[in-house]
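What follows is the content of coords.cif (mmCIF, C-alpha atoms).
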data_structure
loop_
_atom_site.group_PDB
_atom_site.id
_atom_site.type_symbol
_atom_site.label_atom_id
_atom_site.label_comp_id
_atom_site.auth_asym_id
_atom_site.auth_seq_id
_atom_site.Cartn_x
_atom_site.Cartn_y
_atom_site.Cartn_z
ATOM 1 C CA ASN A 49 67.734 107.445 75.591
ATOM 2 C CA ALA A 50 70.599 105.873 73.672
ATOM 3 C CA GLY A 51 72.906 106.376 76.682
ATOM 4 C CA VAL A 52 76.600 106.466 75.784
ATOM 5 C CA THR A 53 77.442 105.639 72.188
ATOM 6 C CA GLN A 54 80.860 105.013 70.689
ATOM 7 C CA THR A 55 82.014 104.778 67.106
ATOM 8 C CA PRO A 56 83.571 102.900 65.486
ATOM 9 C CA LYS A 57 83.190 99.496 67.184
ATOM 10 C CA PHE A 58 86.367 98.179 65.574
ATOM 11 C CA GLN A 59 89.331 99.899 63.958
ATOM 12 C CA VAL A 60 92.665 98.803 62.532
ATOM 13 C CA LEU A 61 95.392 101.408 62.081
ATOM 14 C CA LYS A 62 98.917 101.327 60.800
ATOM 15 C CA THR A 63 101.690 102.735 62.943
ATOM 16 C CA GLY A 64 101.858 106.507 62.557
ATOM 17 C CA GLN A 65 98.295 107.003 61.420
ATOM 18 C CA SER A 66 95.955 109.293 63.313
ATOM 19 C CA MET A 67 92.280 108.907 64.028
ATOM 20 C CA THR A 68 89.462 110.092 66.261
ATOM 21 C CA LEU A 69 87.314 107.853 68.435
ATOM 22 C CA GLN A 70 83.861 109.289 68.850
ATOM 23 C CA CYS A 71 81.830 109.346 72.067
ATOM 24 C CA ALA A 72 78.412 110.875 72.591
ATOM 25 C CA GLN A 73 75.853 110.842 75.394
ATOM 26 C CA ASP A 74 72.260 112.030 75.451
ATOM 27 C CA MET A 75 71.779 112.197 79.232
ATOM 28 C CA ASN A 76 72.967 115.809 79.637
ATOM 29 C CA HIS A 77 75.844 114.590 81.801
ATOM 30 C CA GLU A 78 78.535 117.101 82.739
ATOM 31 C CA TYR A 79 81.277 114.562 83.368
ATOM 32 C CA MET A 80 82.794 112.427 80.614
ATOM 33 C CA SER A 81 85.900 110.303 80.532
ATOM 34 C CA TRP A 82 87.970 107.949 78.409
ATOM 35 C CA TYR A 83 89.536 104.702 79.610
ATOM 36 C CA ARG A 84 91.642 102.101 77.902
ATOM 37 C CA GLN A 85 91.645 98.436 78.810
ATOM 38 C CA ASP A 86 94.429 96.158 77.682
ATOM 39 C CA PRO A 87 93.783 92.406 77.456
ATOM 40 C CA GLY A 88 93.242 90.848 80.885
ATOM 41 C CA MET A 89 93.852 94.156 82.655
ATOM 42 C CA GLY A 90 91.823 96.782 84.452
ATOM 43 C CA LEU A 91 90.739 100.140 83.106
ATOM 44 C CA ARG A 92 93.139 103.065 82.992
ATOM 45 C CA LEU A 93 91.931 106.649 82.815
ATOM 46 C CA ILE A 94 93.238 108.604 79.796
ATOM 47 C CA HIS A 95 91.468 111.969 79.942
ATOM 48 C CA TYR A 96 88.345 113.359 81.530
ATOM 49 C CA SER A 97 86.131 116.436 81.337
ATOM 50 C CA VAL A 98 83.924 118.047 83.972
ATOM 51 C CA GLY A 99 82.031 120.181 81.451
ATOM 52 C CA ALA A 100 82.157 121.804 78.041
ATOM 53 C CA GLY A 101 85.465 123.557 77.499
ATOM 54 C CA ILE A 102 87.167 121.822 80.454
ATOM 55 C CA THR A 103 89.434 118.787 80.133
ATOM 56 C CA ASP A 104 92.169 117.254 82.237
ATOM 57 C CA GLN A 105 94.656 114.403 82.118
ATOM 58 C CA GLY A 106 94.175 111.018 83.686
ATOM 59 C CA GLU A 107 96.719 108.291 84.404
ATOM 60 C CA VAL A 108 97.909 107.626 80.840
ATOM 61 C CA PRO A 109 97.358 110.743 78.674
ATOM 62 C CA ASN A 110 100.443 110.567 76.466
ATOM 63 C CA GLY A 111 99.674 110.087 72.772
ATOM 64 C CA TYR A 112 96.055 111.193 73.125
ATOM 65 C CA ASN A 113 94.232 114.512 72.814
ATOM 66 C CA VAL A 114 90.706 115.433 73.796
ATOM 67 C CA SER A 115 88.400 118.403 73.473
ATOM 68 C CA ARG A 116 84.904 119.113 74.786
ATOM 69 C CA SER A 117 83.127 121.706 72.691
ATOM 70 C CA THR A 118 79.628 120.479 73.589
ATOM 71 C CA THR A 119 78.072 118.711 76.575
ATOM 72 C CA GLU A 120 77.136 115.732 74.404
ATOM 73 C CA ASP A 121 80.413 114.898 72.652
ATOM 74 C CA PHE A 122 83.876 113.959 73.892
ATOM 75 C CA PRO A 123 86.119 112.741 71.056
ATOM 76 C CA LEU A 124 89.486 111.095 71.677
ATOM 77 C CA ARG A 125 92.252 111.718 69.153
ATOM 78 C CA LEU A 126 95.202 109.449 68.593
ATOM 79 C CA LEU A 127 97.927 111.685 67.200
ATOM 80 C CA SER A 128 100.322 109.070 65.794
ATOM 81 C CA ALA A 129 99.196 105.521 66.489
ATOM 82 C CA ALA A 130 101.651 103.068 68.016
ATOM 83 C CA PRO A 131 101.303 99.297 68.612
ATOM 84 C CA SER A 132 101.289 100.027 72.364
ATOM 85 C CA GLN A 133 97.940 101.772 71.863
ATOM 86 C CA THR A 134 96.286 98.515 70.813
ATOM 87 C CA SER A 135 93.494 98.252 73.352
ATOM 88 C CA VAL A 136 89.768 98.528 73.967
ATOM 89 C CA TYR A 137 88.678 102.095 74.608
ATOM 90 C CA PHE A 138 85.684 102.902 76.782
ATOM 91 C CA CYS A 139 83.948 106.215 77.146
ATOM 92 C CA ALA A 140 81.876 106.977 80.252
ATOM 93 C CA SER A 141 79.668 109.754 81.546
ATOM 94 C CA SER A 142 78.023 110.774 84.810
ATOM 95 C CA THR A 143 76.011 113.654 86.119
ATOM 96 C CA ALA A 144 78.747 115.679 87.770
ATOM 97 C CA GLY A 145 81.757 113.451 88.418
ATOM 98 C CA ARG A 146 81.478 113.658 92.151
ATOM 99 C CA GLY A 147 81.638 110.671 94.443
ATOM 100 C CA GLY A 148 77.928 110.039 94.521
ATOM 101 C CA ASP A 149 77.468 109.748 90.769
ATOM 102 C CA GLU A 150 77.100 106.508 88.829
ATOM 103 C CA GLN A 151 79.168 106.290 85.665
ATOM 104 C CA TYR A 152 77.551 104.976 82.476
ATOM 105 C CA PHE A 153 79.890 103.246 80.054
ATOM 106 C CA GLY A 154 79.698 102.899 76.307
ATOM 107 C CA PRO A 155 80.138 99.564 74.479
ATOM 108 C CA GLY A 156 83.782 100.244 73.646
ATOM 109 C CA THR A 157 85.966 100.618 70.561
ATOM 110 C CA ARG A 158 88.420 97.812 69.864
ATOM 111 C CA LEU A 159 91.550 99.306 68.303
ATOM 112 C CA THR A 160 94.406 97.377 66.740
ATOM 113 C CA VAL A 161 97.582 99.135 65.644
ATOM 114 C CA THR A 162 99.869 97.160 63.350
ATOM 115 C CA LEU B 299 93.790 109.506 95.183
ATOM 116 C CA ALA B 300 92.610 106.543 97.174
ATOM 117 C CA LYS B 301 94.133 103.337 95.855
ATOM 118 C CA THR B 302 92.163 100.124 96.109
ATOM 119 C CA THR B 303 93.321 96.553 96.597
ATOM 120 C CA GLN B 304 91.199 93.516 95.799
ATOM 121 C CA PRO B 305 91.827 89.791 95.448
ATOM 122 C CA ILE B 306 92.761 88.962 91.879
ATOM 123 C CA SER B 307 90.361 86.057 91.505
ATOM 124 C CA MET B 308 87.744 83.983 93.327
ATOM 125 C CA ASP B 309 85.831 80.811 92.538
ATOM 126 C CA SER B 310 82.398 79.962 93.858
ATOM 127 C CA TYR B 311 79.595 77.509 93.230
ATOM 128 C CA GLU B 312 76.104 78.300 92.105
ATOM 129 C CA GLY B 313 73.753 79.160 94.950
ATOM 130 C CA GLN B 314 76.485 80.286 97.317
ATOM 131 C CA GLU B 315 76.948 83.748 98.776
ATOM 132 C CA VAL B 316 80.080 85.507 97.543
ATOM 133 C CA ASN B 317 81.878 88.230 99.466
ATOM 134 C CA ILE B 318 84.533 90.337 97.761
ATOM 135 C CA THR B 319 86.542 92.672 99.956
ATOM 136 C CA CYS B 320 88.252 95.849 98.812
ATOM 137 C CA SER B 321 90.901 97.664 100.829
ATOM 138 C CA HIS B 322 91.118 101.458 100.565
ATOM 139 C CA ASN B 323 93.276 102.717 103.407
ATOM 140 C CA ASN B 324 93.623 106.266 102.053
ATOM 141 C CA ILE B 325 89.947 106.972 101.527
ATOM 142 C CA ALA B 326 89.085 110.658 101.968
ATOM 143 C CA THR B 327 86.380 111.901 104.295
ATOM 144 C CA ASN B 328 83.846 112.601 101.563
ATOM 145 C CA ASP B 329 84.704 109.752 99.187
ATOM 146 C CA TYR B 330 82.041 107.295 98.121
ATOM 147 C CA ILE B 331 82.679 103.618 97.434
ATOM 148 C CA THR B 332 81.284 102.244 94.201
ATOM 149 C CA TRP B 333 81.310 98.748 92.731
ATOM 150 C CA TYR B 334 81.105 97.896 89.047
ATOM 151 C CA GLN B 335 80.629 94.616 87.187
ATOM 152 C CA GLN B 336 82.195 93.910 83.813
ATOM 153 C CA PHE B 337 81.439 91.073 81.427
ATOM 154 C CA PRO B 338 83.832 90.204 78.596
ATOM 155 C CA SER B 339 83.692 92.629 75.665
ATOM 156 C CA GLN B 340 81.386 95.013 77.529
ATOM 157 C CA GLY B 341 81.813 98.238 79.447
ATOM 158 C CA PRO B 342 81.552 98.160 83.247
ATOM 159 C CA ARG B 343 78.109 98.368 84.777
ATOM 160 C CA PHE B 344 77.202 99.995 88.095
ATOM 161 C CA ILE B 345 76.203 97.559 90.857
ATOM 162 C CA ILE B 346 76.031 99.440 94.121
ATOM 163 C CA GLN B 347 77.366 102.489 95.939
ATOM 164 C CA GLY B 348 77.696 103.526 99.547
ATOM 165 C CA TYR B 349 79.284 105.916 101.986
ATOM 166 C CA LYS B 350 79.072 104.097 105.332
ATOM 167 C CA THR B 351 77.390 101.178 107.120
ATOM 168 C CA LYS B 352 75.299 98.949 104.879
ATOM 169 C CA VAL B 353 73.577 99.466 101.560
ATOM 170 C CA THR B 354 71.364 96.903 99.855
ATOM 171 C CA ASN B 355 69.703 96.829 96.465
ATOM 172 C CA GLU B 356 68.050 94.148 94.352
ATOM 173 C CA VAL B 357 71.339 92.566 93.268
ATOM 174 C CA ALA B 358 73.896 93.079 96.062
ATOM 175 C CA SER B 359 74.770 94.397 99.494
ATOM 176 C CA LEU B 360 77.652 96.627 100.426
ATOM 177 C CA PHE B 361 79.139 96.545 103.907
ATOM 178 C CA ILE B 362 81.355 99.415 105.055
ATOM 179 C CA PRO B 363 82.902 99.374 108.551
ATOM 180 C CA ALA B 364 83.094 102.480 110.692
ATOM 181 C CA ASP B 365 86.703 103.307 109.729
ATOM 182 C CA ARG B 366 85.784 102.998 106.001
ATOM 183 C CA LYS B 367 89.222 101.594 105.170
ATOM 184 C CA SER B 368 87.658 98.594 103.490
ATOM 185 C CA SER B 369 84.358 97.511 102.016
ATOM 186 C CA THR B 370 82.756 94.185 101.156
ATOM 187 C CA LEU B 371 80.519 93.477 98.205
ATOM 188 C CA SER B 372 78.125 90.626 98.940
ATOM 189 C CA LEU B 373 76.387 88.738 96.138
ATOM 190 C CA PRO B 374 73.657 86.425 97.454
ATOM 191 C CA ARG B 375 73.097 83.053 95.785
ATOM 192 C CA VAL B 376 75.296 83.554 92.732
ATOM 193 C CA SER B 377 74.509 81.976 89.397
ATOM 194 C CA LEU B 378 76.668 81.197 86.373
ATOM 195 C CA SER B 379 75.692 84.559 84.885
ATOM 196 C CA ASP B 380 77.471 86.338 87.750
ATOM 197 C CA THR B 381 80.810 85.231 86.336
ATOM 198 C CA ALA B 382 82.509 88.564 85.661
ATOM 199 C CA VAL B 383 85.159 90.981 86.866
ATOM 200 C CA TYR B 384 84.179 93.167 89.817
ATOM 201 C CA TYR B 385 85.813 96.536 90.419
ATOM 202 C CA CYS B 386 85.867 98.631 93.556
ATOM 203 C CA LEU B 387 86.184 102.377 92.973
ATOM 204 C CA VAL B 388 86.774 105.113 95.515
ATOM 205 C CA GLY B 389 86.870 108.843 95.122
ATOM 206 C CA GLY B 390 85.384 111.769 93.231
ATOM 207 C CA THR B 391 85.269 114.428 95.914
ATOM 208 C CA SER B 392 86.927 117.722 96.759
ATOM 209 C CA GLY B 393 87.505 118.647 93.137
ATOM 210 C CA THR B 394 89.261 115.393 92.337
ATOM 211 C CA TYR B 395 87.434 113.783 89.468
ATOM 212 C CA LYS B 396 89.942 111.107 88.600
ATOM 213 C CA TYR B 397 88.248 107.744 88.953
ATOM 214 C CA ILE B 398 91.061 105.208 89.156
ATOM 215 C CA PHE B 399 90.051 101.590 88.686
ATOM 216 C CA GLY B 400 92.054 98.880 90.387
ATOM 217 C CA THR B 401 92.825 95.494 88.874
ATOM 218 C CA GLY B 402 89.438 94.078 89.853
ATOM 219 C CA THR B 403 88.427 90.633 91.095
ATOM 220 C CA ARG B 404 87.718 87.942 88.539
ATOM 221 C CA LEU B 405 84.823 85.871 89.893
ATOM 222 C CA LYS B 406 84.167 82.485 88.356
ATOM 223 C CA VAL B 407 80.949 80.736 89.293
ATOM 224 C CA LEU B 408 81.018 76.980 88.861
ATOM 225 C CA ALA B 409 78.058 74.672 88.315
#

Whole structure, structure tokens version:
Amino acid sequence: NAGVTQTPKFQVLKTGQSMTLQCAQDMNHEYMSWYRQDPGMGLRLIHYSVGAGITDQGEVPNGYNVSRSTTEDFPLRLLSAAPSQTSVYFCASSTAGRGGDEQYFGPGTRLTVT
Amino acid sequence: LAKTTQPISMDSYEGQEVNITCSHNNIATNDYITWYQQFPSQGPRFIIQGYKTKVTNEVASLFIPADRKSSTLSLPRVSLSDTAVYYCLVGGTSGTYKYIFGTGTRLKVLA
């Protein structure tokens, strides 16, 4: 199993550009989520999904869109990049998102917006 | 959503036992308590999880008192490689799937 994979590892965008961060898991997990982590800070939940076709907002959803057309993939779209979105983005998955489930995290995508 | 509070940082020496306490006063009846470890430039990694009393695995122990309003992660005989940020996470029940991380505890192990 590859676990949770994220692409790209690094990305530099100019203000106003859009892009999609990719996340995939091969563990047949129902629950997937996106977090951002600013330098020296904790993780903040952006969006999450409890299954294909179902998504919901986390703590900081503004400026981001998600969709979940398959169990395996959960892409995160930045609509119009802003310098405030400079951060490291982590994708995670777990079996069902309930309290007893361990989350598996990807290696992260480091995004810089100039 | 149960909010968690942890000390911002802790220092310890190699070989010592380290205890990190997390406060979660609003924990719901069916919430689990989970601890994660994060090294720089990596995603968090699961350490241990529990519901009540004590849980032990090969790397840590988790102590949860009867009222479940706090929990303590215990790392026995830490080494330099245990230097990391440790997060306490509570929740994920009753249809609430928002896992909210707190600020974490930055543990520095000294030689």

Take the PyMOL selection byres ((chain B and resi 331) around 12), apply it to the structure above, and return the hits as a ChimeraX atom specification.
/A:146-150 /B:300-302,319-322,325-330,332-334,344-353,360-363,366-371,385-391,397-399

Centre and size of axis-aligned box enclosing range 80-99 of chain A plus 5 Å each side, as lines of an AutoDock Vina configuration file:
center_x = 88.2
center_y = 105.5
center_z = 81.0
size_x = 22.4
size_y = 39.3
size_z = 17.0

Polymer residues at most 9 Å from Asp104 in chain A, only C-alpha atoms, same-chain spacing of 5 or more positions, as a list in words
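Counting only the stated atoms, we get His95, Tyr96, Ser97, Val98 and Val114 of chain A.
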
Show which residues sit within 9 Å of Ser377 in chain B, as a VMD selection string. Count only C-alpha atoms, and ignore same-chain residues fewer than 6 positions away.
chain B and resid 311 to 314 407 to 409

Selection file, C-alpha atoms, as a short mmCIF file (atom, residue, chain, number, x, y, z; two decimals), in the frame of the given file:
data_model
loop_
_atom_site.label_atom_id
_atom_site.label_comp_id
_atom_site.auth_asym_id
_atom_site.auth_seq_id
_atom_site.Cartn_x
_atom_site.Cartn_y
_atom_site.Cartn_z
CA TYR B 311 79.60 77.51 93.23
CA GLU B 312 76.10 78.30 92.10
CA GLY B 313 73.75 79.16 94.95
CA GLN B 314 76.48 80.29 97.32
CA VAL B 407 80.95 80.74 89.29
CA LEU B 408 81.02 76.98 88.86
CA ALA B 409 78.06 74.67 88.32
#

Skip Glu107 in chain A itself and residues of its chain fewer than 2 positions away, then list as a PyMOL selection string all residues within 10 Å of it, counting all atoms listed in the file.
(chain A and resi 83+92-95+105+109-110) or (chain B and resi 396-398)

Output C-alpha atoms for every residue in the selection just made, as a CSV table (one decimal), in the frame of the given file.
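Result file out21.csv:
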chain,number,residue,atom,x,y,z
A,83,TYR,CA,89.5,104.7,79.6
A,92,ARG,CA,93.1,103.1,83.0
A,93,LEU,CA,91.9,106.6,82.8
A,94,ILE,CA,93.2,108.6,79.8
A,95,HIS,CA,91.5,112.0,79.9
A,105,GLN,CA,94.7,114.4,82.1
A,109,PRO,CA,97.4,110.7,78.7
A,110,ASN,CA,100.4,110.6,76.5
B,396,LYS,CA,89.9,111.1,88.6
B,397,TYR,CA,88.2,107.7,89.0
B,398,ILE,CA,91.1,105.2,89.2

The PyMOL selection byres ((chain A and resi 70) around 12) resolved against shown file, as a PyMOL selection string:
chain A and resi 52-59+67-69+71-73+81-82+114-116+120-126+137-140+154-157

Provide the CA of Ala100 in chain A to CA of Arg84 in chain A distance in Å, to one decimal place.
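Interatomic distance, CA of Ala100 in chain A to CA of Arg84 in chain A: 21.9 Å.
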
Please write as a PyMOL selection string the full residue list that the PyMOL selection byres ((chain B and resi 406) around 10) yields on this file.
chain B and resi 307-312+376-383+403-405+407-409

Just to confirm, what's the straight-line distance from CA of Ser117 in chain A to CA of Asn76 in chain A in Å (one decimal)?
13.6 Å

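A straight line drawn from CA of Gly64 in chain A to CA of Pro131 in chain A is 9.4 Å long.
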
Of the residues A:Glu78, A:Thr134, A:Thr162, A:Ser128, which is the one nearest to chain B, using all atoms listed in the file?
A:Glu78
